[in-house]
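Chemist: This is the structure I want to talk about, given as structure tokens.
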Amino acid sequence: MFRPTQNDYRAYFNWNTDITPLETTGASMPRHKFTFTEFEDLAAATANTYLTDVVGVLTIHTNLQQLKRTSGNACFMRELTLENISGVKLKVTLWGESTSELTGNL
């Protein structure tokens, strides 16, 4: 089963779920949680059932490219290159909707 984060518990909500705001100011839960993986260790992380976090500087990004699949449908692709603090480069290919989500921020 796929999970976006590496946590022991999940909360499920439906139409009958009642949510009550917590009235405390103390932060007993972290707002964000990252478990960064070195670029060199990514191959071992492919078996993970959760997303893998990496950190690096965006050094190269290509323009949005429209490609045709063998079925004739169009799809979009964009390539990025990240570089970590050790100088190791990681080439990343984005497909589909994720390609246009970054357009305004590059």
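Labeling convention for the structure tokens: chains A, B, ... as they appear, residues from 1 per chain, ligands from 1 in order of appearance.
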Quick one: residues within 10 Å of stretch 100-102 of chain A, only C-alpha atoms counted, chain neighbours fewer than 6 positions away excluded, as a ChimeraX atom specification?
Modeler: /A:64,76-78,94
Chemist: Output C-alpha atoms of each residue in that selection to a file, as a PDB file, in the first residue's frame.
Modeler:
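Printed below is out32.pdb as written:
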ATOM      1  CA  LEU A  64       7.650  22.196 -21.006  1.00  0.00           C
ATOM      2  CA  PHE A  76       3.673  16.772 -21.054  1.00  0.00           C
ATOM      3  CA  MET A  77       7.220  16.351 -19.784  1.00  0.00           C
ATOM      4  CA  ARG A  78       9.819  18.573 -18.090  1.00  0.00           C
ATOM      5  CA  LEU A  94       8.229  15.257 -14.372  1.00  0.00           C
TER       6      LEU A  94
END
Chemist: Per DSSP on the backbone, what are the strand (DSSP E) residues of chain A, as a PyMOL selection string?
Modeler: chain A and resi 57-61+65-68+74-83+89-95
Chemist: In Å, how far is it from atom CA of A:Arg10 to atom CA of A:Leu42?
Modeler: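 So the answer is 24.8 Å.
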Chemist: Skipping near chain neighbours, those fewer than 5 positions away, what residues fall within 10 Å of A:Thr62 using only C-alpha atoms, listed as a list in words?
Modeler: Met77, Arg78, Glu79, Leu80, Thr81, Thr93 and Leu106 of chain A
Chemist: Would you mind listing what lies within 8 Å of A:Glu83 as a PyMOL selection string, with only C-alpha atoms counted and same-chain residues fewer than 5 positions away left out?
Modeler: chain A and resi 56-59+88-90
Chemist: What does the file look like for those residues with C-alpha atoms, as a compact mmCIF listing (two decimals), in the first residue's frame?
Modeler:
# COMPACT_ATOMS: atom_id res chain seq x y z
CA GLY A 56 19.13 20.10 -3.51
CA VAL A 57 19.56 23.20 -5.63
CA LEU A 58 17.70 23.34 -8.94
CA THR A 59 20.50 23.87 -11.49
CA VAL A 88 26.17 15.13 -6.86
CA LYS A 89 23.60 15.80 -9.59
CA LEU A 90 20.22 14.13 -9.89
Chemist: For the helix (DSSP H, G or I) assignment from backbone DSSP, which residues of stretch 22-103 of chain A qualify? Please present them as a list of chain:residue names.
Modeler: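 After running DSSP on the backbone, stretch 22-103 of chain A has helix (DSSP H, G or I) at A:Phe39, A:Glu40, A:Asp41, A:Ala43, A:Ala44, A:Ala45, A:Thr46, A:Ala47, A:Glu97, A:Ser98, A:Thr99, A:Ser100, A:Glu101, A:Thr103.
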Chemist: Could you tell me how far atom CA of A:Val54 lies from atom CA of A:Glu38, in Å and to one decimal?
Modeler: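 Spanning atom CA of A:Val54 to atom CA of A:Glu38 is a straight-line distance of 6.7 Å.
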Chemist: Please indicate the distance in Å from atom CA of A:Asp53 to atom CA of A:Gly96, rounded to one decimal place.
Modeler: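 Distance between the two atoms: 20.2 Å.
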Chemist: So, with only C-alpha atoms as the atoms that count, which of A:Leu51, A:Leu22, A:Leu67, A:Ile85 lies closest to A:Phe39?
Modeler: A:Ile85
Chemist: Leaving out A:Phe34 and any residue of its chain fewer than 5 positions from it, which residues lie within 12 Å of it when counting only C-alpha atoms, given as a PDB file with N, CA and C atoms, in the first residue's frame?
Modeler:
ATOM      1  N   PRO A   4       1.999   8.593   1.537  1.00  0.00           N
ATOM      2  CA  PRO A   4       2.823   9.755   1.219  1.00  0.00           C
ATOM      3  C   PRO A   4       3.924  10.014   2.242  1.00  0.00           C
ATOM      4  N   THR A   5       3.733   9.624   3.491  1.00  0.00           N
ATOM      5  CA  THR A   5       4.759   9.846   4.509  1.00  0.00           C
ATOM      6  C   THR A   5       5.000   8.580   5.311  1.00  0.00           C
ATOM      7  N   GLN A   6       6.132   8.550   5.988  1.00  0.00           N
ATOM      8  CA  GLN A   6       6.507   7.387   6.786  1.00  0.00           C
ATOM      9  C   GLN A   6       6.014   7.587   8.218  1.00  0.00           C
ATOM     10  N   ASN A   7       4.769   7.257   8.459  1.00  0.00           N
ATOM     11  CA  ASN A   7       4.169   7.379   9.786  1.00  0.00           C
ATOM     12  C   ASN A   7       3.499   6.071  10.160  1.00  0.00           C
ATOM     13  N   TYR A  50       6.295   4.714   0.669  1.00  0.00           N
ATOM     14  CA  TYR A  50       6.005   6.110   0.965  1.00  0.00           C
ATOM     15  C   TYR A  50       6.910   6.991   0.112  1.00  0.00           C
ATOM     16  N   LEU A  51       6.572   8.257   0.016  1.00  0.00           N
ATOM     17  CA  LEU A  51       7.354   9.194  -0.784  1.00  0.00           C
ATOM     18  C   LEU A  51       8.739   9.382  -0.183  1.00  0.00           C
ATOM     19  N   THR A  52       9.708   9.696  -1.023  1.00  0.00           N
ATOM     20  CA  THR A  52      11.085   9.896  -0.585  1.00  0.00           C
ATOM     21  C   THR A  52      11.433  11.373  -0.703  1.00  0.00           C
ATOM     22  N   ASP A  53      11.959  11.957   0.379  1.00  0.00           N
ATOM     23  CA  ASP A  53      12.334  13.371   0.397  1.00  0.00           C
ATOM     24  C   ASP A  53      13.799  13.532   0.021  1.00  0.00           C
ATOM     25  N   VAL A  54      14.076  14.487  -0.860  1.00  0.00           N
ATOM     26  CA  VAL A  54      15.447  14.864  -1.193  1.00  0.00           C
ATOM     27  C   VAL A  54      15.542  16.378  -1.114  1.00  0.00           C
ATOM     28  N   VAL A  55      16.768  16.872  -0.975  1.00  0.00           N
ATOM     29  CA  VAL A  55      16.973  18.317  -0.960  1.00  0.00           C
ATOM     30  C   VAL A  55      18.178  18.629  -1.836  1.00  0.00           C
TER      31      VAL A  55
END
Chemist: Can you tell me, as a PyMOL selection string, what residues are no more than 10 Å from A:Cys75 when counting only C-alpha atoms, ignoring any on the same chain fewer than 3 positions away?
Modeler: chain A and resi 65-69+72+95-97+99
